[in-house]
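Data block for entry-v1.txt (compact mmCIF, C-alpha atoms and all ligand atoms):
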# COMPACT_ATOMS: atom_id res chain seq x y z
CA MET A 1 95.85 2.97 71.04
CA ARG A 2 98.71 0.49 70.57
CA LEU A 3 101.84 2.45 69.85
CA ARG A 4 104.54 1.25 67.52
CA ASN A 5 107.73 3.20 67.45
CA VAL A 6 108.14 4.66 63.99
CA LYS A 7 111.68 5.08 62.79
CA ASN A 8 112.41 8.62 61.62
CA ALA A 9 108.99 9.86 62.81
CA SER A 10 110.38 13.27 63.62
CA GLU A 11 112.03 13.63 60.18
CA ILE A 12 108.87 12.52 58.37
CA LEU A 13 106.81 15.09 60.30
CA LYS A 14 109.26 17.93 59.76
CA SER A 15 109.44 17.35 56.02
CA SER A 16 105.67 17.85 55.57
CA SER A 17 104.03 21.25 54.99
CA TYR A 18 101.04 19.94 56.98
CA PHE A 19 103.13 19.74 60.16
CA ILE A 20 103.70 22.76 62.40
CA GLU A 21 107.03 22.17 64.07
CA ASN A 22 107.02 25.18 66.42
CA PRO A 23 103.38 25.83 67.26
CA LEU A 24 104.29 28.11 70.19
CA ASP A 25 105.59 30.65 67.65
CA TYR A 26 102.00 31.14 66.46
CA TYR A 27 100.51 32.16 69.79
CA GLY A 28 98.07 35.02 69.15
CA LYS A 29 98.50 34.76 65.36
CA ILE A 30 97.36 31.25 64.52
CA SER A 31 95.43 32.49 61.43
CA SER A 32 98.77 33.30 59.80
CA LEU A 33 99.22 29.56 59.31
CA PHE A 34 96.42 29.67 56.75
CA SER A 35 96.75 33.18 55.28
CA ASN A 36 93.03 33.77 55.75
CA GLN A 37 90.62 34.63 58.54
CA ASN A 38 88.40 31.56 58.18
CA PRO A 39 87.26 29.89 61.42
CA ILE A 40 89.62 27.35 62.96
CA ARG A 41 88.48 24.02 64.40
CA LEU A 42 90.57 21.55 66.40
CA GLU A 43 90.40 17.79 66.72
CA ILE A 44 92.14 16.82 69.96
CA GLY A 45 93.57 13.30 69.80
CA CYS A 46 93.32 13.17 66.01
CA GLY A 47 95.06 9.80 65.76
CA LYS A 48 95.68 8.74 62.15
CA GLY A 49 93.83 11.68 60.64
CA ASN A 50 90.93 10.24 58.59
CA PHE A 51 88.33 12.50 60.20
CA LEU A 52 90.19 15.78 59.72
CA ILE A 53 91.28 14.98 56.16
CA GLY A 54 87.63 14.18 55.32
CA MET A 55 86.39 17.35 57.03
CA ALA A 56 89.01 19.55 55.34
CA LYS A 57 87.92 18.21 51.93
CA GLU A 58 84.23 18.69 52.74
CA PHE A 59 84.58 22.22 54.19
CA PRO A 60 87.26 24.20 52.29
CA ASN A 61 86.24 27.46 54.00
CA ILE A 62 87.00 26.13 57.48
CA ASN A 63 90.56 25.61 58.75
CA PHE A 64 91.30 22.42 60.68
CA ILE A 65 94.15 21.61 63.06
CA GLY A 66 94.78 18.10 64.35
CA VAL A 67 96.30 17.80 67.82
CA GLU A 68 98.05 14.53 68.68
CA LYS A 69 100.25 13.64 71.62
CA TYR A 70 102.44 10.99 69.93
CA ASP A 71 104.59 11.59 66.86
CA SER A 72 104.49 7.87 65.98
CA VAL A 73 100.69 8.16 65.56
CA LEU A 74 100.75 11.56 63.90
CA VAL A 75 103.11 10.26 61.22
CA ARG A 76 100.25 8.13 59.88
CA ALA A 77 97.98 11.20 59.59
CA ILE A 78 100.72 13.23 57.92
CA GLU A 79 101.46 10.46 55.41
CA LYS A 80 97.78 10.40 54.41
CA ALA A 81 97.57 14.19 54.23
CA ASN A 82 100.70 14.28 52.04
CA LEU A 83 98.66 12.51 49.33
CA GLU A 84 96.17 15.44 49.27
CA GLN A 85 96.36 19.11 48.39
CA LEU A 86 94.58 20.80 51.27
CA SER A 87 95.39 24.39 52.19
CA ASN A 88 93.02 24.32 55.20
CA LEU A 89 94.65 21.54 57.21
CA LYS A 90 97.57 21.45 59.69
CA PHE A 91 98.75 19.13 62.46
CA ILE A 92 100.62 19.71 65.71
CA CYS A 93 102.22 17.22 68.09
CA VAL A 94 101.42 18.35 71.65
CA ASP A 95 99.60 17.20 74.76
CA ALA A 96 96.18 18.84 75.07
CA LYS A 97 97.12 20.21 78.47
CA ASN A 98 99.59 22.56 76.74
CA LEU A 99 97.13 24.02 74.23
CA PRO A 100 96.78 27.38 76.08
CA GLN A 101 100.43 28.05 75.16
CA ILE A 102 99.47 27.90 71.47
CA PHE A 103 95.89 29.16 71.16
CA ASN A 104 94.47 32.35 72.61
CA HIS A 105 90.74 32.65 71.99
CA ASP A 106 90.96 31.73 68.32
CA ILE A 107 89.12 28.41 68.06
CA GLU A 108 85.53 27.92 66.86
CA VAL A 109 84.84 24.23 67.53
CA ILE A 110 86.65 21.36 69.26
CA TYR A 111 86.11 17.73 68.18
CA LEU A 112 86.80 14.94 70.67
CA ASN A 113 86.57 11.69 68.73
CA PHE A 114 86.96 8.39 70.56
CA SER A 115 89.11 9.94 73.27
CA ASP A 116 90.87 7.51 75.58
CA PRO A 117 88.07 6.52 78.02
CA TRP A 118 90.07 6.19 81.26
CA PRO A 119 87.22 4.04 82.70
CA LYS A 120 88.53 3.82 86.28
CA ASN A 121 86.98 6.43 88.56
CA ARG A 122 90.32 7.43 89.96
CA HIS A 123 91.43 8.44 86.44
CA HIS A 124 88.41 10.66 85.82
CA GLU A 125 90.43 13.87 85.55
CA ARG A 126 92.51 12.37 82.70
CA ARG A 127 89.43 12.19 80.46
CA LEU A 128 89.48 14.91 77.81
CA THR A 129 86.00 16.01 78.94
CA SER A 130 86.89 16.32 82.64
CA THR A 131 86.57 19.67 84.41
CA THR A 132 90.37 19.99 84.20
CA PHE A 133 90.28 19.90 80.40
CA LEU A 134 87.02 21.84 79.99
CA THR A 135 88.64 24.67 81.99
CA ILE A 136 91.65 24.55 79.65
CA TYR A 137 89.38 24.70 76.58
CA ASP A 138 87.71 27.90 77.93
CA THR A 139 90.92 29.77 77.06
CA LEU A 140 90.93 28.45 73.47
CA PHE A 141 87.49 29.44 72.22
CA GLU A 142 87.08 32.69 70.33
CA GLY A 143 83.35 33.13 70.93
CA ASN A 144 80.83 30.65 72.24
CA CYS A 145 82.28 27.28 73.21
CA GLU A 146 81.27 24.33 71.04
CA ILE A 147 82.48 20.77 71.57
CA ILE A 148 81.43 17.79 69.48
CA GLN A 149 82.12 14.37 70.92
CA LYS A 150 81.83 10.86 69.52
CA THR A 151 82.65 7.70 71.43
CA ASP A 152 81.78 4.02 71.67
CA HIS A 153 82.42 4.04 75.41
CA PRO A 154 79.40 4.28 77.78
CA VAL A 155 81.43 5.22 80.87
CA LEU A 156 83.18 8.08 79.08
CA PHE A 157 79.93 9.23 77.47
CA GLU A 158 77.98 9.26 80.74
CA SER A 159 80.71 11.08 82.61
CA SER A 160 81.02 13.59 79.75
CA LEU A 161 77.28 14.35 79.93
CA VAL A 162 77.70 15.11 83.64
CA ASP A 163 80.94 17.09 83.20
CA PHE A 164 79.53 19.26 80.42
CA SER A 165 76.41 20.01 82.49
CA GLN A 166 78.43 20.82 85.61
CA ASN A 167 80.67 23.18 83.63
CA GLY A 168 77.91 25.37 82.22
CA TYR A 169 77.44 23.65 78.86
CA LEU A 170 74.06 22.94 77.28
CA LEU A 171 73.62 19.66 75.43
CA ASP A 172 72.24 20.76 72.05
CA GLU A 173 72.33 17.37 70.36
CA VAL A 174 72.62 13.92 71.92
CA SER A 175 72.37 10.58 70.12
CA LEU A 176 72.87 7.10 71.47
CA HIS A 177 73.20 5.78 67.90
CA LEU A 178 74.75 8.37 65.62
CA HIS A 179 74.62 6.13 62.55
CA GLN A 180 70.85 5.86 62.82
CA THR A 181 70.44 9.67 62.56
CA ASP A 182 70.58 12.05 59.57
CA LEU A 183 73.42 14.06 61.15
CA PHE A 184 76.33 14.81 58.82
CA ASN A 185 79.24 12.57 59.77
CA VAL A 186 82.79 11.82 58.69
CA LYS A 187 83.95 8.55 60.25
CA THR A 188 87.20 8.23 62.20
CA GLU A 189 89.43 5.15 62.19
CA TYR A 190 88.10 4.02 65.60
CA GLU A 191 84.52 4.70 64.55
CA GLU A 192 84.93 2.51 61.48
CA LYS A 193 86.34 -0.28 63.66
CA PHE A 194 83.67 -0.12 66.39
CA SER A 195 80.70 0.28 64.06
CA ASN A 196 81.92 -2.69 62.00
CA MET A 197 81.77 -4.65 65.27
CA GLY A 198 78.09 -3.64 65.60
CA GLN A 199 78.61 -1.16 68.43
CA PRO A 200 76.47 1.97 68.60
CA ILE A 201 78.30 5.30 68.38
CA TYR A 202 77.39 7.88 71.01
CA TYR A 203 77.37 11.51 69.90
CA LEU A 204 76.82 14.90 71.49
CA LYS A 205 77.16 18.57 70.72
CA ALA A 206 77.69 20.74 73.81
CA THR A 207 77.70 24.55 73.73
CA LYS A 208 78.35 27.29 76.23
CA LYS A 209 77.88 31.05 75.80
CA LYS A 210 81.01 33.20 75.77
CA ILE A 211 81.99 34.12 79.31
C1 LIG A 301 91.58 6.16 70.93
S1 LIG A 301 92.52 7.18 69.91
C2 LIG A 301 91.32 7.88 68.78
C3 LIG A 301 91.94 8.44 67.53
C4 LIG A 301 90.99 9.11 66.53
N1 LIG A 301 90.39 10.31 67.09
C5 LIG A 301 89.91 8.16 66.08
O1 LIG A 301 88.75 8.35 66.47
O2 LIG A 301 90.21 7.24 65.32
C6 LIG A 301 92.86 8.56 70.99
C7 LIG A 301 94.00 9.42 70.49
O3 LIG A 301 94.11 10.56 71.34
C8 LIG A 301 95.48 10.80 71.60
N2 LIG A 301 95.55 11.52 72.88
C9 LIG A 301 95.23 11.03 74.09
N3 LIG A 301 95.40 11.94 75.06
C10 LIG A 301 95.84 13.06 74.43
C11 LIG A 301 96.21 14.34 74.88
N4 LIG A 301 96.18 14.65 76.20
N5 LIG A 301 96.62 15.26 73.98
C12 LIG A 301 96.67 14.94 72.66
N6 LIG A 301 96.34 13.73 72.16
C13 LIG A 301 95.93 12.80 73.04
C14 LIG A 301 96.10 9.43 71.63
O4 LIG A 301 97.48 9.45 71.43
C15 LIG A 301 95.35 8.73 70.51
O5 LIG A 301 95.98 8.90 69.26
Could you write out this file's structure as structure tokens?
Ligand SMILES: C[S@@+](CC[C@H](N)C(=O)[O-])C[C@H]1O[C@@H](n2cnc3c(N)ncnc32)[C@H](O)[C@@H]1O
Amino acid sequence: MRLRNVKNASEILKSSSYFIENPLDYYGKISSLFSNQNPIRLEIGCGKGNFLIGMAKEFPNINFIGVEKYDSVLVRAIEKANLEQLSNLKFICVDAKNLPQIFNHDIEVIYLNFSDPWPKNRHHERRLTSTTFLTIYDTLFEGNCEIIQKTDHPVLFESSLVDFSQNGYLLDEVSLHLHQTDLFNVKTEYEEKFSNMGQPIYYLKATKKKI
């Protein structure tokens, strides 16, 4: 994603009730962010937020947290969320590798939408579905692990299929053309862009029983 520096990004984030400024304070009590015990789902690399805002509207009894590394990107998601009244949506600005400092077996589902593909072999471990990250996610899930991935990128998709299998996941659903299936779907910004260019969207749901 091309990054433009956004002036006052930090101030814009901090002034929104959707933004969690000190997520580490919620370790072990993340439900208190929502004042209910509804399941919590994460999108890692949420970008400009379309997917999570759409999901939060569609599923009011599920809590959603968007995780984004860059505040200049997250600002765009927060600005869109500020136009809505959604009590089941929050955003945090952290690198995925630090998520175990925030979540402790309290997540139901992780969404990985159009993650950076890191196509060179030598960058394999940077992919958000590499063994490095799948091991991190093990500490986040409350019960069974469930990860839903969408991408336009064949190298990332193929390597994810292998990584999930090698890390004890079963592939419950796989599609090489999500938009030709009946599966429920909320489009992301990248998905809109790539499908408008005629590219197929790859999709999978991977699950693993609680360890
Ligand atoms: C290609 S964009 C996709 C954005 C959005 N999910 C979509 O589909 O439109 C990938 C996003 O993931 C974020 N990202 C990449 N690595 C990350 C990490 N380790 N932790 C958190 N966010 C990350 C990037 O900053 C970027 O916003």
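One distance worth recording is that between atom CA of Ser165 of chain A and atom CA of Thr131 of chain A, which is 10.3 Å.
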Edge lengths and centre in Å to one decimal, as lines of an AutoDock Vina configuration file, is what I'm after for the box along x, y and z that holds all listed atoms of ligand LIG 301 (chain A) once 8 Å is added on each side.
center_x = 93.1
center_y = 10.7
center_z = 70.8
size_x = 24.7
size_y = 25.1
size_z = 26.9
**Asked** Residues within 8 Å of ligand LIG 301 (chain A) (only C-alpha atoms and all ligand atoms), as a PyMOL selection string?
**Response** chain A and resi 1+43-51+67-70+73-74+93-97+112-117+126+128+150-151+187-191
Next, dump the selected residues to file, keeping only C-alpha atoms, as a compact mmCIF listing (two decimals), in the coordinates of the input.
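Output saved as again.txt:
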# COMPACT_ATOMS: atom_id res chain seq x y z
CA MET A 1 95.85 2.97 71.04
CA GLU A 43 90.40 17.79 66.72
CA ILE A 44 92.14 16.82 69.96
CA GLY A 45 93.57 13.30 69.80
CA CYS A 46 93.32 13.17 66.01
CA GLY A 47 95.06 9.80 65.76
CA LYS A 48 95.68 8.74 62.15
CA GLY A 49 93.83 11.68 60.64
CA ASN A 50 90.93 10.24 58.59
CA PHE A 51 88.33 12.50 60.20
CA VAL A 67 96.30 17.80 67.82
CA GLU A 68 98.05 14.53 68.68
CA LYS A 69 100.25 13.64 71.62
CA TYR A 70 102.44 10.99 69.93
CA VAL A 73 100.69 8.16 65.56
CA LEU A 74 100.75 11.56 63.90
CA CYS A 93 102.22 17.22 68.09
CA VAL A 94 101.42 18.35 71.65
CA ASP A 95 99.60 17.20 74.76
CA ALA A 96 96.18 18.84 75.07
CA LYS A 97 97.12 20.21 78.47
CA LEU A 112 86.80 14.94 70.67
CA ASN A 113 86.57 11.69 68.73
CA PHE A 114 86.96 8.39 70.56
CA SER A 115 89.11 9.94 73.27
CA ASP A 116 90.87 7.51 75.58
CA PRO A 117 88.07 6.52 78.02
CA ARG A 126 92.51 12.37 82.70
CA LEU A 128 89.48 14.91 77.81
CA LYS A 150 81.83 10.86 69.52
CA THR A 151 82.65 7.70 71.43
CA LYS A 187 83.95 8.55 60.25
CA THR A 188 87.20 8.23 62.20
CA GLU A 189 89.43 5.15 62.19
CA TYR A 190 88.10 4.02 65.60
CA GLU A 191 84.52 4.70 64.55
**Contacts of Tyr18 of chain A within 8 Å, all atoms listed in the file, excl. fewer than 2 positions in-chain, as a PyMOL selection string** = chain A and resi 16+20+78+81-82+89-91
**Interatomic distance (Å, one decimal) between atom CA of Ser10 of chain A and atom CA of Leu24 of chain A** =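 Taking atom CA of Ser10 of chain A as the start and atom CA of Leu24 of chain A as the end point, the length is 17.3 Å.
For the choices A:Gln180, A:Ser15, A:Asp152, A:Lys205, the atom-to-atom distance to Glu192 of chain A is smallest for A:Asp152 when using all atoms listed in the file.
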**Asked** What is the atom CA of Pro154 of chain A to atom CA of Tyr202 of chain A distance in Å?
**Response** 7.9 Å
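The neighbours of Pro119 of chain A here are the residues that come within 8 Å of it, using only C-alpha atoms and leaving out any residue fewer than 3 positions away in the same chain; they are His123, His124, Val155 and Leu156 of chain A.
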**Asked** Could you name the residues that touch Asn36 of chain A at 10 Å or less, counting all atoms listed in the file, but leaving out those on the same chain fewer than 5 positions away, as a list in words?
**Response**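 Those residues are Ser31, Asn61, Ile62, Asn63 and Asn88 of chain A.
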**Request:** Rank nothing, just name the residue among A:Val162, A:Leu42, A:Leu134, A:Ile201 nearest to His179 of chain A, using all atoms listed in the file.
**Result:** A:Ile201
**Prompt:** With all atoms listed in the file as the atoms that count, which of A:Ser17, A:Arg41, A:Tyr27, A:Tyr137 lies nearest to Glu84 of chain A?
**Reply:** A:Ser17
**Request:** Please check which residues have atoms at most 6 Å from (85.8, 19.3, 70.1) in the file's coordinates, counting only C-alpha atoms, and write them as a list of chain:residue names.
**Result:**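 The answer, in the requested form, is A:Glu43, A:Val109, A:Ile110, A:Tyr111, A:Leu112, A:Ile147, A:Ile148.
Checking A:His105, A:Arg76, A:Lys209, A:Lys29 one by one against Val6 of chain A, counting only C-alpha atoms, you find the shortest gap at A:Arg76.
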**Request:** Find the residue from A:Asn104, A:Ser32, A:Gln199, A:Asn8 that sits nearest to Glu142 of chain A; use all atoms listed in the file when measuring.
**Result:**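 Distance minimum relative to Glu142 of chain A lands on A:Asn104.
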**Asked** Hey, which of A:Tyr26, A:Phe59, A:Phe103, A:Phe133 ends up closest to Val186 of chain A? Count all atoms listed in the file.
**Response**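 Smallest distance to Val186 of chain A is found for A:Phe59.
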